[in-house]
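Visitor: Handing you this structure, nothing more for now.
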Amino acid sequence: MKKALLLLFCLMAVTMAEAQDIDRSSRLKKHLYYLASDSLMGRKAGTTGAEAARAYIYDQWQEIGMEPFFKEGFTDPFGKGGVDYANLVGVIPGNDPILKDEYILVGAHFDHIGIKKGEVCNGADDNASGSSALIEIARMLKTSQSSLKRSVIIAAFDAEELGLYGSDHLSERLQVDSLLDKVRCMMSIDMVGWYAKNGQLEILGAGTIEGGKELIESNAGGLNLKVENFETAVLTATDTRGFATKNVPTLHIYTGLKSPYHKPEDDADLIDYEGLDSISCFIARLTGQMAANPDYAASGKIAAIHNSRGKVFEMSVGAGFTSSAIDFRDAAFTGKGGSGWTAGLALQYNSKKNLAFRLGAAYETTESLYPAPADIFNSVLIYKQSAIMMPATLILQTKTQLPKFYCGVGIHARYLLDSGIDGIPSATNDMQYGTHFMFGFKAGHFFLEDYFCGQFNKLFDTAAGGPNAGISITTCKIGWVF
C-alpha cells in the first residue's frame with residue numbers, strides 16, 4: 001500500500017509540474033527555432049555552431065537550477081582525432097539516503113551534420129527536437145525533485161553524428177569513475193519531432209527492464225506507443241550504444257524516420273510541437289517513476305546488437321555461390337574455375353572471450369573446367385559434383401556487433417552425392433577432406449562470409465587410373481542468424 005501511494009505521489013508531482021507550466025509548449029518552440037536556426041550553420045561538432053548550441057543549453061540549465069554532475073562543472077570536454085568536443089552533464093539529486101547514489105540517465109545529442117552540398121542542414125528533428133525536449137524534461141523533474149529517490153543525470157551529447165563520440169565518452173568516464181554500475185537506465189531522445197506524421201512514438205529496449213513494457217505503457221498519457229523489447233537497427237545506432245554494450249538497460253525514444261533525415265528541408269516549421277510537448281511530459285513521467293520506485297530493476301537481458309558475446313548458441317542459415325578449380329598436382333597445372341551454388345545451416349557456440357566454434361552442413365554444387373584428354377591445350381570438358389559439405393571452424397571475432405568482424409580456420413569433409421566429367425566416366429573419391437579459411441562480418445542478424453577451401457586427399461581414385469588432383473573451392477554467401 002505504501003509503495004502504491006508513493007508511486008501515486010510521484011505521478012501527481014510530475015503531473016502537477018506539467019499542469020502548472022502553460023508556457024512549456026512555447027518554450028519548446030523557442031528552443032527549437034534557435035537550435036535549428038541558420039545562424040548555427042547545422043551545429044556540426046567542433047564548429048562555432050555546435051558551441052553556440054551547447055552554450056544555449058547551458059544557460060537554460062542554469063536558469064532551471066540544475067547542478068553539475070562532475071565537480072569540474074557542467075562541461076565535460078573530450079578529444080577525438082585531434083579535435084576538441086564537449087558534453088554537458090547535469091544532475092537532479094534524489095532524496096533517499098541510499099538510492100540517491102543510483103541514477104536514471106536521460107540524454108540527447110545536440111550536434112548535427114552542418115553544411116551539405118552548400119546548403120545548411122539545420123537538423124530540426126535530428127536532433128534539435130530531442131535537445132529541446134531534454135531542457136523541458138529537466139525543468140519538470142527539477143520542479144518535482146521532492147518525489148525522486150534516485151538521482152537523475154541529464155546529458156547533452158556532442159559529436160553523435162561523427163560516431164556516437166559524446167555518449168561513448170560519458171559511458172567510459174562513468175566506468176572509469178566506478179559509477180556506471182549505478183546507472184539503472186539510460187534513455188536516448190533522438191528525433192522526437194514528427195509524432196503526428198509518424199502516428200506513434202517508438203520506444204525500443206523495454207526488454208532490458210523488468211516489467212518494462214507495462215511500466216512504459218502505464219505512463220503513455222494518451223500517446224500512441226509502439227514498444228519494442230530490443231533495438232535491432234544497426235545502421236541507425238543512437239547514443240544508447242556505449243551504455244548498452246556495458247550492460248546498462250537502455251531505451252531509445254523516437255518518432256521514426258519520416259522527417260527529412262540529414263537533408264536541408266529538416267527545418268523548425270515542420271516540427272509537431274503539440275506532439276513534442278506530449279512526448280516531453282511522457283519522458284518526464286517515466287523518468288520520475290523510475291527514480292521514485294525502489295523496486296525498479298533491470299531484466300538482465302541485452303539486445304543482440306549490443307551483446308559483445310552474442311547468444312551462447314546461435315543458429316544460422318545461408319546461401320551463396322561457389323567458384324572451383326581443379327589442381328593437377330603432378331603436372332603443376334590448374335584448370336580454370338567454374339561456378340555453382342550452396343545452401344545450408346550452422347550451429348555456433350560463442351565463448352566468453354572472442355572465440356567461437358561452429359559446426360555446419362550445406363548442400364553444394366560445383367563446376368570446374370577439365371582439359372580434354374585428346375587436346376588438353378585447346379579443348380575443355382566440365383567436371384561437376386554435388387556434395388554435402390560439413391565444416392568445423394574455430395572463429396576469432398571482434399567484441400562489438402556494430403558490425404561484428406570475424407575470421408576462422410578449420411577442417412571440413414565433403415560427401416559426394418554425384419560427380420562426373422562430360423562424356424567420360426570418372427572414378428571420384430566419395431569423401432573429400434581439407435582445410436579452409438574464412439572471414440566475414442555480421443550486422444544485427446545479417447551476415448556475409450567468404451570461404452577458401454583446399455583439399456587434403458585426392459579428388460580422383462589414382463588406382464583406377466584417375467589423375468593426381470585436388471579441388472579448391474571458394475564460397476561467397478549471405479545469411480541470417482536466429
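Ordering of the C-alpha cells sets the chain letters (A, B, ...); residue numbers start at 1 within each chain; ligands are numbered from 1 in the order shown.
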Which of range 326-356 of chain A counts as strand (DSSP E) under DSSP, as a PyMOL selection string please?

Guide: chain A and resi 326-328+333-334+338-350+355-356

Visitor: Produce a file of the selected residues containing all heavy atoms, as a compact mmCIF listing (two decimals), in the first residue's frame.

Guide:
```txt
# COMPACT_ATOMS: atom_id res chain seq x y z
N ILE A 326 40.30 -27.23 -60.44
CA ILE A 326 40.98 -28.49 -60.19
C ILE A 326 42.48 -28.28 -60.34
O ILE A 326 42.96 -27.74 -61.35
CB ILE A 326 40.50 -29.59 -61.15
CG1 ILE A 326 39.00 -29.86 -60.92
CG2 ILE A 326 41.30 -30.88 -60.96
CD1 ILE A 326 38.41 -30.86 -61.89
N ASP A 327 43.23 -28.72 -59.33
CA ASP A 327 44.68 -28.60 -59.34
C ASP A 327 45.29 -29.96 -59.67
O ASP A 327 45.15 -30.92 -58.89
CB ASP A 327 45.15 -28.13 -57.96
CG ASP A 327 46.66 -28.12 -57.83
OD1 ASP A 327 47.33 -27.96 -58.86
OD2 ASP A 327 47.16 -28.27 -56.69
N PHE A 328 45.94 -30.07 -60.86
CA PHE A 328 46.60 -31.31 -61.26
C PHE A 328 48.02 -31.28 -60.68
O PHE A 328 48.91 -30.59 -61.20
CB PHE A 328 46.61 -31.43 -62.78
CG PHE A 328 45.23 -31.58 -63.36
CD1 PHE A 328 44.49 -30.45 -63.70
CD2 PHE A 328 44.67 -32.83 -63.53
CE1 PHE A 328 43.22 -30.59 -64.23
CE2 PHE A 328 43.40 -32.97 -64.05
CZ PHE A 328 42.66 -31.85 -64.40
N PHE A 333 49.59 -27.99 -62.86
CA PHE A 333 48.66 -27.32 -63.75
C PHE A 333 47.32 -27.21 -63.03
O PHE A 333 46.88 -28.15 -62.37
CB PHE A 333 48.51 -28.15 -65.03
CG PHE A 333 47.45 -27.66 -65.98
CD1 PHE A 333 47.67 -26.56 -66.80
CD2 PHE A 333 46.22 -28.31 -66.05
CE1 PHE A 333 46.69 -26.12 -67.67
CE2 PHE A 333 45.24 -27.87 -66.92
CZ PHE A 333 45.48 -26.77 -67.73
N THR A 334 46.70 -26.06 -63.18
CA THR A 334 45.39 -25.84 -62.56
C THR A 334 44.37 -25.50 -63.62
O THR A 334 44.58 -24.59 -64.44
CB THR A 334 45.45 -24.69 -61.54
OG1 THR A 334 46.39 -25.03 -60.52
CG2 THR A 334 44.08 -24.47 -60.90
N GLY A 338 35.16 -22.79 -62.38
CA GLY A 338 33.76 -22.77 -62.78
C GLY A 338 32.91 -22.36 -61.60
O GLY A 338 33.42 -22.01 -60.53
N SER A 339 31.59 -22.37 -61.77
CA SER A 339 30.71 -21.86 -60.73
C SER A 339 29.68 -22.89 -60.30
O SER A 339 29.44 -23.90 -60.96
CB SER A 339 29.99 -20.60 -61.24
OG SER A 339 29.19 -20.91 -62.36
N GLY A 340 29.06 -22.60 -59.16
CA GLY A 340 28.00 -23.44 -58.61
C GLY A 340 27.27 -22.67 -57.53
O GLY A 340 27.36 -21.43 -57.45
N TRP A 341 26.57 -23.38 -56.67
CA TRP A 341 25.84 -22.70 -55.59
C TRP A 341 25.83 -23.57 -54.34
O TRP A 341 26.14 -24.77 -54.39
CB TRP A 341 24.41 -22.35 -56.03
CG TRP A 341 23.55 -23.54 -56.37
CD1 TRP A 341 23.47 -24.17 -57.58
CD2 TRP A 341 22.69 -24.25 -55.47
NE1 TRP A 341 22.60 -25.23 -57.51
CE2 TRP A 341 22.09 -25.30 -56.23
CE3 TRP A 341 22.34 -24.13 -54.13
CZ2 TRP A 341 21.18 -26.21 -55.67
CZ3 TRP A 341 21.43 -25.02 -53.57
CH2 TRP A 341 20.86 -26.04 -54.34
N THR A 342 25.45 -22.97 -53.23
CA THR A 342 25.42 -23.69 -51.95
C THR A 342 24.33 -23.12 -51.06
O THR A 342 23.97 -21.95 -51.17
CB THR A 342 26.79 -23.58 -51.23
OG1 THR A 342 26.76 -24.34 -50.01
CG2 THR A 342 27.11 -22.14 -50.87
N ALA A 343 23.83 -23.95 -50.15
CA ALA A 343 22.85 -23.51 -49.16
C ALA A 343 22.93 -24.47 -47.97
O ALA A 343 23.10 -25.68 -48.16
CB ALA A 343 21.43 -23.51 -49.73
N GLY A 344 22.85 -23.93 -46.77
CA GLY A 344 22.95 -24.78 -45.60
C GLY A 344 22.69 -24.06 -44.31
O GLY A 344 22.20 -22.93 -44.30
N LEU A 345 23.02 -24.72 -43.22
CA LEU A 345 22.81 -24.16 -41.88
C LEU A 345 24.02 -24.46 -41.01
O LEU A 345 24.86 -25.29 -41.35
CB LEU A 345 21.53 -24.69 -41.25
CG LEU A 345 21.31 -26.21 -41.19
CD1 LEU A 345 22.01 -26.83 -39.99
CD2 LEU A 345 19.82 -26.52 -41.12
N ALA A 346 24.09 -23.75 -39.87
CA ALA A 346 25.24 -23.92 -38.97
C ALA A 346 24.79 -23.65 -37.53
O ALA A 346 23.84 -22.89 -37.29
CB ALA A 346 26.38 -22.98 -39.34
N LEU A 347 25.49 -24.25 -36.60
CA LEU A 347 25.29 -24.02 -35.17
C LEU A 347 26.60 -23.53 -34.60
O LEU A 347 27.65 -24.15 -34.81
CB LEU A 347 24.85 -25.30 -34.45
CG LEU A 347 24.61 -25.19 -32.94
CD1 LEU A 347 23.42 -24.28 -32.65
CD2 LEU A 347 24.38 -26.57 -32.33
N GLN A 348 26.57 -22.39 -33.87
CA GLN A 348 27.79 -21.78 -33.35
C GLN A 348 27.72 -21.60 -31.85
O GLN A 348 26.69 -21.15 -31.31
CB GLN A 348 28.01 -20.42 -34.03
CG GLN A 348 29.26 -19.66 -33.55
CD GLN A 348 29.58 -18.49 -34.42
OE1 GLN A 348 29.58 -18.60 -35.65
NE2 GLN A 348 29.86 -17.35 -33.82
N TYR A 349 28.80 -21.93 -31.17
CA TYR A 349 28.95 -21.68 -29.73
C TYR A 349 29.88 -20.49 -29.55
O TYR A 349 30.99 -20.47 -30.08
CB TYR A 349 29.53 -22.89 -29.02
CG TYR A 349 29.99 -22.59 -27.61
CD1 TYR A 349 29.07 -22.41 -26.57
CD2 TYR A 349 31.35 -22.43 -27.32
CE1 TYR A 349 29.50 -22.11 -25.29
CE2 TYR A 349 31.78 -22.13 -26.04
CZ TYR A 349 30.85 -21.97 -25.02
OH TYR A 349 31.27 -21.66 -23.75
N ASN A 350 29.43 -19.46 -28.81
CA ASN A 350 30.22 -18.28 -28.53
C ASN A 350 30.76 -18.34 -27.11
O ASN A 350 29.99 -18.43 -26.15
CB ASN A 350 29.37 -17.02 -28.69
CG ASN A 350 28.91 -16.82 -30.12
OD1 ASN A 350 29.72 -16.72 -31.02
ND2 ASN A 350 27.60 -16.76 -30.33
N LEU A 355 36.34 -15.94 -28.89
CA LEU A 355 36.39 -17.16 -29.69
C LEU A 355 35.01 -17.77 -29.84
O LEU A 355 34.14 -17.63 -28.98
CB LEU A 355 37.33 -18.18 -29.05
CG LEU A 355 38.82 -17.79 -28.99
CD1 LEU A 355 39.61 -18.86 -28.25
CD2 LEU A 355 39.38 -17.58 -30.39
N ALA A 356 34.83 -18.48 -30.94
CA ALA A 356 33.59 -19.21 -31.19
C ALA A 356 33.95 -20.50 -31.93
O ALA A 356 35.00 -20.60 -32.58
CB ALA A 356 32.61 -18.37 -31.99
```

Visitor: Kindly provide the residues of range 200-316 of chain A that approach range 144-163 of chain A to within 12 Å, each paired with its closest atom pair and their distance in Å to one decimal, based on only C-alpha atoms, listed by chain and increasing number, as a tab-separated table.

Guide:
```
residue	atom	partner	partner_atom	distance
A:Leu235	CA	A:Gly163	CA	11.4
A:Thr236	CA	A:Glu161	CA	10.7
A:Ala237	CA	A:Gly163	CA	9.2
A:Thr238	CA	A:Glu160	CA	7.8
A:Asp239	CA	A:Glu160	CA	7.1
A:Thr240	CA	A:Glu160	CA	10.8
A:Arg241	CA	A:Gly163	CA	10.5
A:Gly242	CA	A:Gly163	CA	10.8
A:His262	CA	A:Glu161	CA	10.1
A:Ala284	CA	A:Ser144	CA	9.7
A:Arg285	CA	A:Ser144	CA	10.1
A:Leu286	CA	A:Val152	CA	11.8
A:Thr287	CA	A:Val152	CA	7.9
A:Gly288	CA	A:Leu148	CA	6.5
A:Gln289	CA	A:Leu148	CA	8.1
A:Met290	CA	A:Arg150	CA	8.0
A:Ala291	CA	A:Arg150	CA	4.6
A:Ala292	CA	A:Leu148	CA	4.8
A:Asn293	CA	A:Lys149	CA	7.5
A:Pro294	CA	A:Lys149	CA	7.6
A:Asp295	CA	A:Lys149	CA	11.3
A:Tyr296	CA	A:Arg150	CA	10.4
```

Visitor: Dump as JSON lines the rows for residues of range 256-282 of chain A within 8 Å of range 25-43 of chain A: closest atom pair and distance in Å with one decimal, only C-alpha atoms counted, ordered by chain and rising residue number.

Guide:
```
{"residue": "A:Asp267", "atom": "CA", "partner": "A:Ala36", "partner_atom": "CA", "distance": 6.6}
{"residue": "A:Ala268", "atom": "CA", "partner": "A:Tyr33", "partner_atom": "CA", "distance": 5.6}
{"residue": "A:Tyr273", "atom": "CA", "partner": "A:Ser25", "partner_atom": "CA", "distance": 6.7}
{"residue": "A:Glu274", "atom": "CA", "partner": "A:Ser25", "partner_atom": "CA", "distance": 7.0}
{"residue": "A:Leu276", "atom": "CA", "partner": "A:Leu28", "partner_atom": "CA", "distance": 7.9}
{"residue": "A:Asp277", "atom": "CA", "partner": "A:Ser25", "partner_atom": "CA", "distance": 5.7}
```

Visitor: With a distance cut-off of 8 Å and only C-alpha atoms, select the neighbouring residues of Thr393 in chain A, excluding the residue or stretch itself and same-chain residues fewer than 2 positions from it, and output the selection as a list in words.

Guide: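 Listing them by chain and then by number gives Phe357, Arg358, Leu359, Pro391, Ile395, Gly408, Val409, Gly410 and Ile411 of chain A.
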
Visitor: So the first atom is CA of Tyr433 in chain A and the second is CA of Thr398 in chain A; what is the distance between them in Å, to one decimal place?

Guide: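 Separating CA of Tyr433 in chain A from CA of Thr398 in chain A is a distance of 29.1 Å.
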
Visitor: At a cut-off of 12 Å, using only C-alpha atoms, what residues contact Leu174 in chain A? Leave out same-chain residues fewer than 4 positions from it and give the result as a list in words.

Guide: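 Using only C-alpha atoms, the neighbours found are Phe69, Phe70, Asp76, Val89, Tyr103, Leu105, Ile153, Ser167, Asp168, His169, Leu170, Ser178, Leu179, Leu180, Asp181, Lys182, Val183, Gly242, Phe243, Lys246 and Val248 of chain A.
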
Visitor: When you look at Glu231 in chain A with a cut-off of 12 Å (counting only C-alpha atoms), what residues show up, excluding the ones that are within fewer than 3 positions of it in the same chain? I need them as a PyMOL selection string.

Guide: chain A and resi 188+202-208+227-228+234-241+244-245+249-254+301-307+444-445

Visitor: Suppose we keep N, CA and C atoms; can you now write the selection as a tab-separated table (two decimals), in the first residue's frame?

Guide:
```tsv
chain	number	residue	atom	x	y	z
A	188	SER	N	17.91	7.54	-24.56
A	188	SER	CA	18.36	8.42	-25.62
A	188	SER	C	17.14	9.00	-26.33
A	202	GLU	N	7.90	5.64	-30.81
A	202	GLU	CA	8.54	4.33	-30.73
A	202	GLU	C	9.54	4.31	-29.58
A	203	ILE	N	9.44	3.27	-28.74
A	203	ILE	CA	10.36	3.08	-27.61
A	203	ILE	C	10.98	1.69	-27.76
A	204	LEU	N	12.28	1.67	-27.96
A	204	LEU	CA	12.99	0.41	-28.16
A	204	LEU	C	13.86	0.11	-26.95
A	205	GLY	N	13.76	-1.11	-26.44
A	205	GLY	CA	14.60	-1.52	-25.31
A	205	GLY	C	13.83	-1.89	-24.06
A	206	ALA	N	12.51	-2.00	-24.15
A	206	ALA	CA	11.71	-2.33	-22.95
A	206	ALA	C	12.13	-3.64	-22.32
A	207	GLY	N	12.66	-4.55	-23.13
A	207	GLY	CA	13.07	-5.85	-22.61
A	207	GLY	C	14.28	-5.81	-21.70
A	208	THR	N	15.00	-4.68	-21.67
A	208	THR	CA	16.15	-4.56	-20.77
A	208	THR	C	15.73	-4.21	-19.35
A	227	VAL	N	6.00	-0.15	-28.57
A	227	VAL	CA	7.03	-0.56	-27.61
A	227	VAL	C	7.67	-1.86	-28.09
A	228	GLU	N	8.97	-1.81	-28.30
A	228	GLU	CA	9.74	-2.99	-28.72
A	228	GLU	C	10.68	-3.40	-27.61
A	234	VAL	N	20.94	-1.75	-36.78
A	234	VAL	CA	22.36	-1.46	-36.66
A	234	VAL	C	22.73	-0.13	-37.30
A	235	LEU	N	22.17	0.16	-38.47
A	235	LEU	CA	22.57	1.33	-39.24
A	235	LEU	C	21.97	2.62	-38.71
A	236	THR	N	21.07	2.55	-37.73
A	236	THR	CA	20.52	3.76	-37.11
A	236	THR	C	20.86	3.77	-35.62
A	237	ALA	N	22.09	3.41	-35.31
A	237	ALA	CA	22.53	3.37	-33.92
A	237	ALA	C	22.40	4.75	-33.29
A	238	THR	N	22.03	4.77	-32.00
A	238	THR	CA	21.89	6.02	-31.28
A	238	THR	C	22.77	5.99	-30.04
A	239	ASP	N	22.63	7.01	-29.20
A	239	ASP	CA	23.55	7.17	-28.07
A	239	ASP	C	23.40	6.12	-26.99
A	240	THR	N	22.48	5.20	-27.12
A	240	THR	CA	22.38	4.10	-26.16
A	240	THR	C	23.58	3.15	-26.25
A	241	ARG	N	24.23	3.11	-27.41
A	241	ARG	CA	25.19	2.03	-27.67
A	241	ARG	C	26.29	1.90	-26.62
A	244	ALA	N	24.63	0.41	-23.51
A	244	ALA	CA	24.06	-0.92	-23.67
A	244	ALA	C	25.14	-1.99	-23.79
A	245	THR	N	26.24	-1.67	-24.49
A	245	THR	CA	27.31	-2.65	-24.63
A	245	THR	C	28.05	-2.88	-23.31
A	249	PRO	N	20.77	-1.03	-18.82
A	249	PRO	CA	19.48	-1.02	-19.51
A	249	PRO	C	19.30	0.30	-20.27
A	250	THR	N	18.79	0.21	-21.49
A	250	THR	CA	18.67	1.41	-22.32
A	250	THR	C	17.31	1.46	-23.02
A	251	LEU	N	16.86	2.69	-23.29
A	251	LEU	CA	15.67	2.93	-24.09
A	251	LEU	C	16.00	3.95	-25.17
A	252	HIS	N	15.66	3.64	-26.39
A	252	HIS	CA	15.78	4.59	-27.49
A	252	HIS	C	14.37	5.10	-27.80
A	253	ILE	N	14.19	6.41	-27.70
A	253	ILE	CA	12.86	7.01	-27.86
A	253	ILE	C	12.90	7.91	-29.09
A	254	TYR	N	12.00	7.66	-30.07
A	254	TYR	CA	11.99	8.49	-31.27
A	254	TYR	C	10.66	8.36	-32.02
A	301	LYS	N	18.60	-8.65	-19.52
A	301	LYS	CA	18.62	-9.01	-20.94
A	301	LYS	C	19.21	-7.86	-21.76
A	302	ILE	N	19.89	-8.21	-22.83
A	302	ILE	CA	20.57	-7.23	-23.68
A	302	ILE	C	20.23	-7.52	-25.14
A	303	ALA	N	20.07	-6.47	-25.92
A	303	ALA	CA	19.82	-6.65	-27.35
A	303	ALA	C	21.00	-7.35	-28.01
A	304	ALA	N	20.70	-8.18	-29.00
A	304	ALA	CA	21.77	-8.93	-29.69
A	304	ALA	C	22.82	-8.00	-30.29
A	305	ILE	N	22.40	-6.84	-30.81
A	305	ILE	CA	23.37	-5.94	-31.43
A	305	ILE	C	24.27	-5.27	-30.42
A	306	HIS	N	23.92	-5.34	-29.14
A	306	HIS	CA	24.74	-4.72	-28.10
A	306	HIS	C	25.51	-5.73	-27.27
A	307	ASN	N	25.28	-6.99	-27.51
A	307	ASN	CA	25.91	-8.04	-26.71
A	307	ASN	C	27.17	-8.50	-27.40
A	444	GLY	N	23.76	-6.99	-37.02
A	444	GLY	CA	22.49	-7.46	-36.50
A	444	GLY	C	22.35	-8.95	-36.76
A	445	HIS	N	21.29	-9.34	-37.46
A	445	HIS	CA	21.06	-10.75	-37.78
A	445	HIS	C	21.67	-11.14	-39.13
```

Visitor: How far is it from CA of Ala45 in chain A to CA of Gly90 in chain A, in Å with one decimal?

Guide: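 According to the coordinates, CA of Ala45 in chain A and CA of Gly90 in chain A are separated by 20.1 Å.
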
Visitor: State, in Å with one decimal place, the distance from CA of Asn122 in chain A to CA of Gly107 in chain A.

Guide: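 Separation of CA of Asn122 in chain A and CA of Gly107 in chain A: 19.8 Å.
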